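As stored in work.txt (compact mmCIF, C-alpha atoms):
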# COMPACT_ATOMS: atom_id res chain seq x y z
CA MET A 22 133.46 180.33 62.97
CA THR A 23 131.00 178.68 60.62
CA ASP A 24 131.81 175.34 59.07
CA ASN A 25 131.13 175.88 55.39
CA LEU A 26 132.02 172.34 54.39
CA ILE A 27 129.21 170.88 56.50
CA ASP A 28 126.89 173.75 55.52
CA ALA A 29 127.65 173.21 51.84
CA LEU A 30 126.92 169.49 52.16
CA GLU A 31 123.74 169.96 54.16
CA GLN A 32 122.17 172.93 52.45
CA GLY A 33 123.96 173.75 49.23
CA PRO A 34 125.80 176.93 48.40
CA ASP A 35 123.14 179.68 48.66
CA PRO A 36 119.41 180.38 48.38
CA ALA A 37 119.62 181.29 44.67
CA ALA A 38 121.30 177.99 43.84
CA ARG A 39 118.74 176.10 45.92
CA GLU A 40 115.97 177.82 44.01
CA ALA A 41 117.61 176.92 40.68
CA ASP A 42 117.92 173.30 41.85
CA HIS A 43 114.29 173.27 42.87
CA ALA A 44 113.23 174.54 39.43
CA HIS A 45 115.41 171.86 37.88
CA VAL A 46 113.73 169.17 40.00
CA THR A 47 110.33 170.50 38.90
CA GLU A 48 111.39 169.98 35.26
CA LEU A 49 112.80 166.51 36.04
CA THR A 50 109.44 165.66 37.65
CA VAL A 51 107.57 166.54 34.43
CA GLN A 52 109.97 164.36 32.43
CA LEU A 53 109.43 161.59 34.98
CA GLY A 54 105.65 161.91 34.54
CA ASP A 55 105.93 161.56 30.76
CA ARG A 56 108.24 158.59 30.96
CA ALA A 57 106.36 156.80 33.75
CA SER A 58 103.10 157.36 31.92
CA ALA A 59 104.55 155.78 28.76
CA GLU A 60 105.60 152.79 30.87
CA GLY A 61 102.24 152.50 32.63
CA ASP A 62 103.61 153.32 36.08
CA VAL A 63 101.33 156.22 37.00
CA ASP A 64 97.68 156.47 37.96
CA VAL A 65 97.14 160.00 36.61
CA VAL A 66 99.20 162.65 34.80
CA HIS A 67 98.22 166.31 34.74
CA ARG A 68 99.27 169.66 33.32
CA LEU A 69 97.99 173.22 33.09
CA VAL A 70 96.70 174.57 29.80
CA ASP A 71 96.30 178.30 29.27
CA SER A 72 92.86 179.36 28.17
CA PRO A 73 90.90 182.60 27.85
CA LEU A 74 88.96 181.37 30.91
CA GLY A 75 92.11 181.11 33.00
CA PRO A 76 94.37 178.09 33.45
CA LEU A 77 92.69 174.72 32.95
CA LEU A 78 94.04 171.69 34.75
CA VAL A 79 93.78 168.66 32.46
CA ALA A 80 94.41 165.15 33.75
CA ALA A 81 94.47 161.72 32.12
CA THR A 82 94.70 158.08 33.12
CA ASP A 83 95.98 155.38 30.78
CA ARG A 84 92.36 155.07 29.61
CA GLY A 85 91.93 158.69 28.60
CA LEU A 86 91.12 162.21 29.70
CA VAL A 87 89.72 162.00 33.22
CA ARG A 88 89.46 165.58 34.44
CA VAL A 89 89.29 169.15 33.20
CA ALA A 90 89.17 171.72 35.99
CA PHE A 91 89.05 175.48 36.22
CA ASP A 92 92.26 175.70 38.19
CA GLU A 93 91.59 179.00 39.95
CA VAL A 94 87.95 178.24 40.71
CA GLU A 95 88.34 174.71 42.03
CA GLY A 96 91.85 175.07 43.47
CA HIS A 97 94.88 173.28 42.06
CA GLU A 98 95.72 171.32 45.22
CA SER A 99 92.17 170.24 45.92
CA VAL A 100 91.74 168.93 42.36
CA LEU A 101 94.99 166.95 42.70
CA GLU A 102 93.86 165.59 46.06
CA SER A 103 90.58 164.41 44.59
CA LEU A 104 92.47 162.68 41.75
CA VAL A 105 94.61 160.85 44.32
CA ARG A 106 91.48 159.78 46.23
CA SER A 107 89.70 158.55 43.10
CA TYR A 108 92.48 157.01 41.03
CA GLY A 109 95.48 156.30 43.28
CA PRO A 110 98.55 157.97 44.79
CA ARG A 111 100.74 157.97 41.70
CA VAL A 112 99.71 161.34 40.28
CA LEU A 113 102.42 163.32 38.48
CA PRO A 114 102.76 166.37 36.25
CA ALA A 115 103.56 165.58 32.61
CA ARG A 116 103.75 167.41 29.32
CA SER A 117 103.95 165.37 26.12
CA ARG A 118 101.44 162.77 27.32
CA LEU A 119 98.84 165.56 27.33
CA ASP A 120 99.93 167.30 24.13
CA ILE A 121 96.98 166.13 22.05
CA VAL A 122 94.33 167.50 24.38
CA HIS A 123 96.42 170.65 24.82
CA ARG A 124 96.51 171.25 21.06
CA GLN A 125 92.80 170.52 20.69
CA LEU A 126 91.92 172.95 23.48
CA ASP A 127 94.12 175.63 21.88
CA ALA A 128 92.36 175.10 18.55
CA TYR A 129 88.95 175.13 20.24
CA PHE A 130 89.63 178.43 21.98
CA VAL A 131 90.52 180.18 18.71
CA GLY A 132 87.43 178.73 17.04
CA ASP A 133 89.29 176.32 14.75
CA ARG A 134 87.98 173.15 16.35
CA HIS A 135 84.34 172.29 17.01
CA HIS A 136 84.61 168.99 18.77
CA PHE A 137 87.17 167.03 20.79
CA ASP A 138 88.60 163.78 19.58
CA VAL A 139 90.41 162.22 22.54
CA PRO A 140 89.64 159.06 24.55
CA LEU A 141 87.70 159.87 27.74
CA ASP A 142 87.85 158.04 31.05
CA LEU A 143 84.34 158.41 32.49
CA ARG A 144 84.40 155.25 34.60
CA ARG A 145 83.58 157.18 37.81
CA THR A 146 80.40 158.59 36.32
CA SER A 147 77.56 156.11 36.22
CA GLY A 148 73.79 155.79 36.00
CA PHE A 149 71.71 158.78 34.98
CA ARG A 150 74.66 161.18 35.16
CA ALA A 151 76.55 159.07 32.63
CA THR A 152 73.50 159.04 30.36
CA VAL A 153 73.31 162.84 30.59
CA LEU A 154 77.02 163.25 29.78
CA ASP A 155 76.62 160.93 26.78
CA HIS A 156 73.81 163.11 25.54
CA LEU A 157 75.74 166.36 26.12
CA ARG A 158 78.38 165.12 23.69
CA GLU A 159 75.69 165.01 21.00
CA ILE A 160 74.68 168.68 21.34
CA PRO A 161 76.20 170.35 18.28
CA TYR A 162 78.78 173.14 18.55
CA GLY A 163 77.19 176.56 18.60
CA THR A 164 73.79 175.35 19.78
CA THR A 165 72.11 175.08 23.17
CA GLU A 166 69.50 172.85 24.77
CA THR A 167 67.44 173.45 27.87
CA TYR A 168 67.81 171.35 31.03
CA ALA A 169 64.29 170.03 30.32
CA THR A 170 65.19 168.96 26.78
CA VAL A 171 68.28 167.16 28.05
CA ALA A 172 66.17 165.43 30.73
CA THR A 173 63.75 164.18 28.07
CA ALA A 174 66.55 163.12 25.74
CA SER A 175 68.14 161.21 28.63
CA GLY A 176 64.93 159.26 29.19
CA SER A 177 63.64 161.00 32.35
CA PRO A 178 61.60 164.10 31.42
CA LYS A 179 60.98 164.92 35.10
CA ALA A 180 64.65 164.74 36.12
CA VAL A 181 65.42 168.37 35.27
CA ARG A 182 67.20 168.98 38.60
CA ALA A 183 69.21 165.79 38.18
CA VAL A 184 70.36 167.11 34.81
CA GLY A 185 71.53 170.26 36.61
CA THR A 186 73.48 168.09 39.06
CA ALA A 187 75.00 166.03 36.24
CA CYS A 188 76.17 169.24 34.57
CA ALA A 189 77.48 170.71 37.84
CA THR A 190 79.51 167.57 38.53
CA ASN A 191 80.71 167.06 34.95
CA PRO A 192 84.37 165.98 35.38
CA LEU A 193 85.22 167.15 31.85
CA PRO A 194 83.82 170.66 31.34
CA VAL A 195 84.51 172.29 27.95
CA VAL A 196 85.34 168.88 26.42
CA VAL A 197 81.94 167.45 27.41
CA PRO A 198 79.96 170.61 26.63
CA CYS A 199 77.74 171.11 29.66
CA HIS A 200 77.98 174.85 28.89
CA ARG A 201 75.52 174.24 26.04
CA VAL A 202 72.73 173.52 28.52
CA VAL A 203 70.69 176.60 29.49
CA ARG A 204 67.46 177.41 31.29
CA SER A 205 64.06 177.32 29.57
CA ASP A 206 63.40 180.94 30.60
CA GLY A 207 66.42 182.16 28.65
CA GLY A 208 68.73 182.31 31.69
CA LEU A 209 72.15 180.76 31.44
CA GLY A 210 71.92 178.55 34.50
CA GLY A 211 74.93 177.71 36.63
CA TYR A 212 78.40 176.69 35.58
CA LEU A 213 81.29 175.07 37.37
CA GLY A 214 83.70 177.66 36.01
CA GLY A 215 81.36 180.56 36.77
CA VAL A 216 78.56 182.05 34.68
CA GLU A 217 80.98 184.41 32.92
CA ALA A 218 82.99 181.45 31.66
CA LYS A 219 79.77 179.86 30.38
CA ARG A 220 78.84 183.09 28.60
CA ALA A 221 82.34 183.34 27.09
CA LEU A 222 82.18 179.76 25.76
CA LEU A 223 78.75 180.31 24.19
CA ASP A 224 79.96 183.61 22.67
CA LEU A 225 83.03 181.85 21.28
CA GLU A 226 80.77 179.26 19.66
CA GLY A 227 78.44 181.97 18.35
CA ALA A 228 75.51 180.41 20.20
CA MET B 1 101.78 153.37 50.11
CA GLU B 2 98.76 155.65 49.84
CA HIS B 3 100.66 158.89 50.34
CA PRO B 4 100.53 161.08 47.19
CA PHE B 5 103.70 160.40 45.19
CA GLU B 6 103.90 163.96 43.87
CA GLN B 7 104.11 165.24 47.45
CA THR B 8 106.99 162.84 48.06
CA VAL B 9 108.85 164.19 45.04
CA ARG B 10 108.25 167.73 46.32
CA ASP B 11 109.45 166.81 49.82
CA HIS B 12 112.54 164.79 48.86
CA GLY B 13 113.32 165.54 45.20
CA ASP B 14 115.81 168.35 45.86
CA VAL B 15 117.75 166.34 48.45
CA VAL B 16 117.82 163.24 46.26
CA LEU B 17 119.26 165.32 43.41
CA ARG B 18 122.05 166.57 45.69
CA VAL B 19 122.67 163.03 46.90
CA CYS B 20 122.94 161.87 43.28
CA ARG B 21 125.39 164.68 42.48
CA ALA B 22 127.44 163.65 45.49
CA VAL B 23 127.63 159.97 44.61
CA VAL B 24 127.71 159.92 40.78
CA GLY B 25 128.76 163.50 40.01
CA PRO B 26 126.73 166.32 38.43
CA ALA B 27 126.94 164.99 34.84
CA ASP B 28 125.10 161.74 35.63
CA ALA B 29 123.00 163.05 38.50
CA ASP B 30 119.85 163.77 36.45
CA ASP B 31 119.83 160.21 35.09
CA ALA B 32 120.36 158.75 38.54
CA TRP B 33 117.55 160.97 39.92
CA SER B 34 115.12 159.87 37.19
CA GLU B 35 116.01 156.19 37.59
CA THR B 36 115.56 156.50 41.35
CA PHE B 37 112.09 158.01 41.18
CA LEU B 38 110.99 155.70 38.36
CA ALA B 39 111.98 152.71 40.49
CA ALA B 40 110.23 154.33 43.46
CA LEU B 41 107.09 154.78 41.39
CA LYS B 42 107.07 151.11 40.42
CA ALA B 43 107.53 150.00 44.02
CA TRP B 44 105.08 152.58 45.49
CA PRO B 45 101.88 150.46 45.50
CA THR B 46 103.50 147.67 47.55
CA LEU B 47 105.53 149.90 49.89
CA PRO B 48 104.30 149.76 53.53
CA ASP B 49 102.69 153.01 54.75
CA ASP B 50 105.09 153.34 57.71
CA THR B 51 108.21 153.31 55.52
CA ASN B 52 110.87 155.93 56.26
CA VAL B 53 110.60 157.40 52.79
CA ARG B 54 113.80 159.48 52.91
CA ALA B 55 115.92 156.45 53.90
CA TRP B 56 114.13 154.23 51.39
CA LEU B 57 114.71 156.73 48.55
CA VAL B 58 118.39 156.93 49.46
CA THR B 59 118.56 153.11 49.30
CA VAL B 60 117.04 153.18 45.82
CA ALA B 61 119.34 156.04 44.78
CA HIS B 62 122.34 154.07 46.10
CA ARG B 63 121.46 151.07 43.91
CA LYS B 64 120.92 153.37 40.91
CA ALA B 65 124.25 155.09 41.59
CA VAL B 66 125.96 151.70 41.52
CA ASP B 67 124.26 150.98 38.15
CA VAL B 68 125.25 154.36 36.73
CA THR B 69 128.87 153.91 37.85
CA ARG B 70 129.00 150.45 36.22
CA THR B 71 127.52 151.79 32.97
CA ARG B 72 130.07 154.59 32.96
CA ALA B 73 132.90 152.09 33.49
CA ARG B 74 131.67 150.07 30.49
CA ARG B 75 131.38 153.22 28.34
CA ALA B 76 134.89 154.35 29.16
CA VAL B 77 136.91 152.48 26.52
CA PRO B 78 140.55 153.56 26.52
CA VAL B 79 141.74 154.94 23.15
CA ASP B 80 145.13 156.08 21.90
CA GLU B 81 143.99 159.44 20.67
CA LEU B 82 141.23 161.69 21.91
CA PRO B 83 138.49 161.64 19.27
CA ASP B 84 136.74 164.80 18.16
CA ARG B 85 133.71 164.56 20.27
CA PRO B 86 130.64 166.29 18.86
CA GLY B 87 128.45 164.85 21.61
CA ARG B 88 125.18 163.04 21.18
CA PRO B 89 122.29 165.26 20.15
CA ASP B 90 120.37 164.43 23.33
CA GLU B 91 123.33 165.25 25.52
CA GLN B 92 122.97 168.51 27.40
CA PRO B 93 126.30 170.18 28.02
CA HIS B 94 126.85 170.13 31.74
CA THR B 95 126.82 173.68 32.93
CA ALA B 96 128.95 174.42 35.96
CA LEU B 97 127.03 174.32 39.23
CA PRO B 98 127.85 176.77 41.97
CA ASP B 99 128.99 173.88 44.15
CA ASP B 100 131.01 172.02 41.51
CA ALA B 101 134.12 172.33 43.68
CA LEU B 102 132.35 170.35 46.37
CA TRP B 103 131.25 167.57 44.00
CA SER B 104 134.75 167.25 42.52
CA ALA B 105 136.23 167.06 46.00
CA LEU B 106 133.71 164.31 46.84
CA ALA B 107 134.54 162.47 43.61
CA ARG B 108 138.12 162.06 44.81
CA LEU B 109 136.99 160.15 47.95
CA PRO B 110 136.92 156.34 48.06
CA PRO B 111 133.36 155.14 47.20
CA LYS B 112 132.42 154.04 50.73
CA GLN B 113 133.51 157.34 52.31
CA ARG B 114 131.76 159.29 49.58
CA ALA B 115 128.52 157.32 50.10
CA CYS B 116 128.65 157.68 53.89
CA VAL B 117 129.29 161.45 53.68
CA ALA B 118 126.48 161.86 51.12
CA TYR B 119 123.88 159.83 52.99
CA HIS B 120 124.68 161.26 56.41
CA HIS B 121 125.47 164.89 55.66
CA VAL B 122 123.60 165.57 52.40
CA ALA B 123 120.56 163.33 52.96
CA GLY B 124 120.63 163.77 56.74
CA LEU B 125 120.26 160.08 57.59
CA PRO B 126 121.50 158.77 60.96
CA HIS B 127 124.62 156.55 60.75
CA ALA B 128 122.52 153.44 61.49
CA ASP B 129 120.37 154.12 58.42
CA VAL B 130 123.47 154.84 56.35
CA ALA B 131 124.89 151.47 57.45
CA ALA B 132 121.69 149.74 56.34
CA VAL B 133 122.16 151.27 52.87
CA VAL B 134 125.88 150.70 52.35
CA GLY B 135 126.31 147.55 54.46
CA GLY B 136 128.41 147.05 57.61
CA THR B 137 127.87 148.47 61.08
CA ALA B 138 126.72 151.91 62.17
CA ALA B 139 130.14 152.43 63.76
CA ALA B 140 131.85 151.69 60.46
CA ALA B 141 129.53 154.11 58.65
CA ARG B 142 130.30 156.80 61.24
CA ARG B 143 134.05 156.14 60.83
CA ALA B 144 133.83 156.31 57.03
CA ALA B 145 131.86 159.57 57.16
CA ALA B 146 134.36 161.09 59.59
CA ASP B 147 137.32 159.99 57.45
CA GLY B 148 135.58 161.37 54.38
CA ILE B 149 134.98 164.75 56.04
CA ALA B 150 138.63 164.86 57.20
CA ALA B 151 139.81 164.18 53.64
CA LEU B 152 137.44 166.80 52.24
CA ARG B 153 138.77 169.42 54.64
CA ALA B 154 142.17 168.98 53.02
CA THR B 155 140.82 170.04 49.63
CA TYR B 156 137.76 172.15 50.33
CA PRO B 157 137.99 175.60 51.98
CA THR B 158 136.56 175.22 55.44
CA GLU B 159 137.43 178.50 57.12
CA GLY B 160 134.36 180.51 58.02
CA GLY B 161 133.38 183.06 55.43

Please express what this file holds, its structure, as C-alpha cells.
Amino acid sequence: MTDNLIDALEQGPDPAAREADHAHVTELTVQLGDRASAEGDVDVVHRLVDSPLGPLLVAATDRGLVRVAFDEVEGHESVLESLVRSYGPRVLPARSRLDIVHRQLDAYFVGDRHHFDVPLDLRRTSGFRATVLDHLREIPYGTTETYATVATASGSPKAVRAVGTACATNPLPVVVPCHRVVRSDGGLGGYLGGVEAKRALLDLEGA
Amino acid sequence: MEHPFEQTVRDHGDVVLRVCRAVVGPADADDAWSETFLAALKAWPTLPDDTNVRAWLVTVAHRKAVDVTRTRARRAVPVDELPDRPGRPDEQPHTALPDDALWSALARLPPKQRACVAYHHVAGLPHADVAAVVGGTAAAARRAAADGIAALRATYPTEGG
C-alpha cells in the first residue's frame, strides 16, 4: 500500500502538476528579478531577445547594459557563469528592467533604428580595448572601417591585431558595432557571432 | 555567499513554493515566495558559504509566513453584509490547484503542527532543523509533525491508489 498523504506532501500530486509549478516558479523568478533590480538588490539581470541572428542574451547592471551575447554560439550557461564571476552571485532573469534595450534591438533589426541610446557598463574593459570600443561607437550606421583605420583612430597605427582582439572580446556586440570593422583586403574578418551574422548585420545596414 | 543565486532559486524555488502553500495557503503563497527570495537576495552577500541553504530559506519563509498571516488578520475586518467584491485589478483569481484538498486540510491544523508538517515533510528538513525554525526541541517538533499527520489522515484520503 502506498501512502499518498506523505507522497502528496513530499512530491506533489503528479508530474504534470510539478511541471506547471516549475513553470510558475520560473515566472515568479522573472518578477523577482524585476523587483529586486528596482530595489538595487541584484548584481546583474538578464533576458533573451529574439533576433534574426538567433536569441541574444542581454544583461545589465545598475550602471547599464553590460553584456550582449549570441546565446547559441557562446552558450547560455557559460555566459551566466562569466557574469557571476565578473559582477557577483546575484544574477537573475528579468523582463521589464530590460525593456528599453529589447525595444531598441527590435527596432534595429527591422531597420528603424540606427544607433542605440542606453547607458553602457564598460567598467571591465580598460586601456587600449576601451579606446577601441569608444571609437567603434563613432563608426556611422551603414559604413565600415578597416582594422588598420581603427588602429590609427585609436592612437596606435601598428596595433592592428590588438584591434582584432578588442573586437573579438567586445562585451556588447551589435550595440557597440564591432561588425562594422572589416579587413583591408575586402574580407569580412572574424566575428564573435560567426561570419554569417556579421554579413547579415552589414546587409541589414546596407553597408 | 558566492554561490550563484539563480542556481539556488532553481534548486529550491519549487519546494519553497510548496512550503508557502502549506503554511499560508495557495492564495498568498506567491507573495510569501517573492518576499522570501527578496529577503534572501538582500542577505545573500553576508551569508556564510557553508550555510544549509534549504534550512535557511525555510527559516526566511517561516518569518515571511508569519508576516503574511498577520497582514491577512489585519485585512479581515468583520462586516455585517458581504460586499460585492469586484477584486483589485492586480489580483489574480486563484485557480484551483490539483492539490488544493491537501492545502485546505493543512489549513485546518493548528499553526505549529502545520509548520512542522510543512518543514519536515514538504521541505524535507530533519526534526532538529524544524525545531530551530519554529522554536522548542526536536522532540517537540517530531511530536507536532506526527500529530499533524494523524489529524490530516482523518480528512485526507490515505488509502493507496

Subject >> Neighbour list for Val68 in chain B as a ChimeraX atom specification, cut-off 8 Å, all atoms listed in the file, skip fewer than 4 positions in-chain >> reply: /B:24,28,32,64,72

Original post:
Ser103 in chain A: which residues within 12 Å, counting only C-alpha atoms, same-chain residues fewer than 2 positions away excluded, as a ChimeraX atom specification?
Top reply: /A:65,80,87-88,90,95-101,105-110,112,192 /B:4

Those residues with C-alpha atoms, as an mmCIF file, keeping the file's coordinate frame please?
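Result file is part-v4.cif:
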data_model
loop_
_atom_site.group_PDB
_atom_site.id
_atom_site.type_symbol
_atom_site.label_atom_id
_atom_site.label_comp_id
_atom_site.auth_asym_id
_atom_site.auth_seq_id
_atom_site.Cartn_x
_atom_site.Cartn_y
_atom_site.Cartn_z
ATOM 1 C CA VAL A 65 97.140 160.000 36.610
ATOM 2 C CA ALA A 80 94.410 165.150 33.750
ATOM 3 C CA VAL A 87 89.720 162.000 33.220
ATOM 4 C CA ARG A 88 89.460 165.580 34.440
ATOM 5 C CA ALA A 90 89.170 171.720 35.990
ATOM 6 C CA GLU A 95 88.340 174.710 42.030
ATOM 7 C CA GLY A 96 91.850 175.070 43.470
ATOM 8 C CA HIS A 97 94.880 173.280 42.060
ATOM 9 C CA GLU A 98 95.720 171.320 45.220
ATOM 10 C CA SER A 99 92.170 170.240 45.920
ATOM 11 C CA VAL A 100 91.740 168.930 42.360
ATOM 12 C CA LEU A 101 94.990 166.950 42.700
ATOM 13 C CA VAL A 105 94.610 160.850 44.320
ATOM 14 C CA ARG A 106 91.480 159.780 46.230
ATOM 15 C CA SER A 107 89.700 158.550 43.100
ATOM 16 C CA TYR A 108 92.480 157.010 41.030
ATOM 17 C CA GLY A 109 95.480 156.300 43.280
ATOM 18 C CA PRO A 110 98.550 157.970 44.790
ATOM 19 C CA VAL A 112 99.710 161.340 40.280
ATOM 20 C CA PRO A 192 84.370 165.980 35.380
ATOM 21 C CA PRO B 4 100.530 161.080 47.190
#

Original post:
Which chain A residues are at most 10 Å from chain B (counting only C-alpha atoms), as a PyMOL selection string?
Top reply: chain A and resi 22-35+37-47+49-50+52-54+56-57+60-63+101-102+104-106+109-114

**OP:** Write out as a VMD selection string which residues come within 12 Å of Asp142 in chain A when counting all atoms listed in the file, dropping same-chain ones fewer than 3 positions away.
**Re:** chain A and resid 65 80 to 89 108 139 145 to 147 151 192 to 193 197

Could you take the residues named above and write them with C-alpha atoms, as a PDB file, keeping the file's coordinate frame?
ATOM      1  CA  VAL A  65      97.140 160.000  36.610  1.00  0.00           C
ATOM      2  CA  ALA A  80      94.410 165.150  33.750  1.00  0.00           C
ATOM      3  CA  ALA A  81      94.470 161.720  32.120  1.00  0.00           C
ATOM      4  CA  THR A  82      94.700 158.080  33.120  1.00  0.00           C
ATOM      5  CA  ASP A  83      95.980 155.380  30.780  1.00  0.00           C
ATOM      6  CA  ARG A  84      92.360 155.070  29.610  1.00  0.00           C
ATOM      7  CA  GLY A  85      91.930 158.690  28.600  1.00  0.00           C
ATOM      8  CA  LEU A  86      91.120 162.210  29.700  1.00  0.00           C
ATOM      9  CA  VAL A  87      89.720 162.000  33.220  1.00  0.00           C
ATOM     10  CA  ARG A  88      89.460 165.580  34.440  1.00  0.00           C
ATOM     11  CA  VAL A  89      89.290 169.150  33.200  1.00  0.00           C
ATOM     12  CA  TYR A 108      92.480 157.010  41.030  1.00  0.00           C
ATOM     13  CA  VAL A 139      90.410 162.220  22.540  1.00  0.00           C
ATOM     14  CA  ARG A 145      83.580 157.180  37.810  1.00  0.00           C
ATOM     15  CA  THR A 146      80.400 158.590  36.320  1.00  0.00           C
ATOM     16  CA  SER A 147      77.560 156.110  36.220  1.00  0.00           C
ATOM     17  CA  ALA A 151      76.550 159.070  32.630  1.00  0.00           C
ATOM     18  CA  PRO A 192      84.370 165.980  35.380  1.00  0.00           C
ATOM     19  CA  LEU A 193      85.220 167.150  31.850  1.00  0.00           C
ATOM     20  CA  VAL A 197      81.940 167.450  27.410  1.00  0.00           C
TER      21      VAL A 197
END

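Residue nearest Val53 in chain B, chosen from B:Leu125, B:Ala138, B:Ala146, B:Cys116 and counting all atoms listed in the file: B:Leu125.
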
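With CA of Phe130 in chain A on one side and CA of Ser205 in chain A on the other, the separation reads 26.7 Å.
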
**OP:** Write out as a PyMOL selection string the residues lying within 6 Å of Gln113 in chain B, counting all atoms listed in the file and excluding same-chain residues fewer than 5 positions away.
**Re:** chain B and resi 144-145+148

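Note that the spacing between CA of Gln125 in chain A and CA of Ala174 in chain A amounts to 27.7 Å.
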
Original post:
Excluding same-chain residues fewer than 3 positions from Val94 in chain A, what lies within 10 Å of it counting all atoms listed in the file, as a ChimeraX atom specification?
Top reply: /A:75-77,90-91,97,213-215

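Interatomic distance, CA of His123 in chain A against CA of Ala189 in chain A: 23.0 Å.
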
Range 56-70 of chain A: axis-aligned bounding box, 4 Å on each side, centre and edge lengths in Å, one decimal, as AutoDock Vina command-line options:
--center_x 102.5 --center_y 163.5 --center_z 33.4 --size_x 19.5 --size_y 30.1 --size_z 17.2

Subject >> Best match for closeness to Ala180 in chain A among A:Thr164, A:Ser117, A:Thr152, A:Ser72, counting all atoms listed in the file >> reply: A:Thr152

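Selecting by distance to (111.8, 151.9, 50.2) with a limit of 10 Å and using only C-alpha atoms, one obtains Ala39, Ala40, Ala43, Trp44, Thr46, Leu47, Pro48, Thr51, Asn52, Val53, Arg54, Ala55, Trp56, Leu57, Val58, Thr59 and Val60 of chain B.
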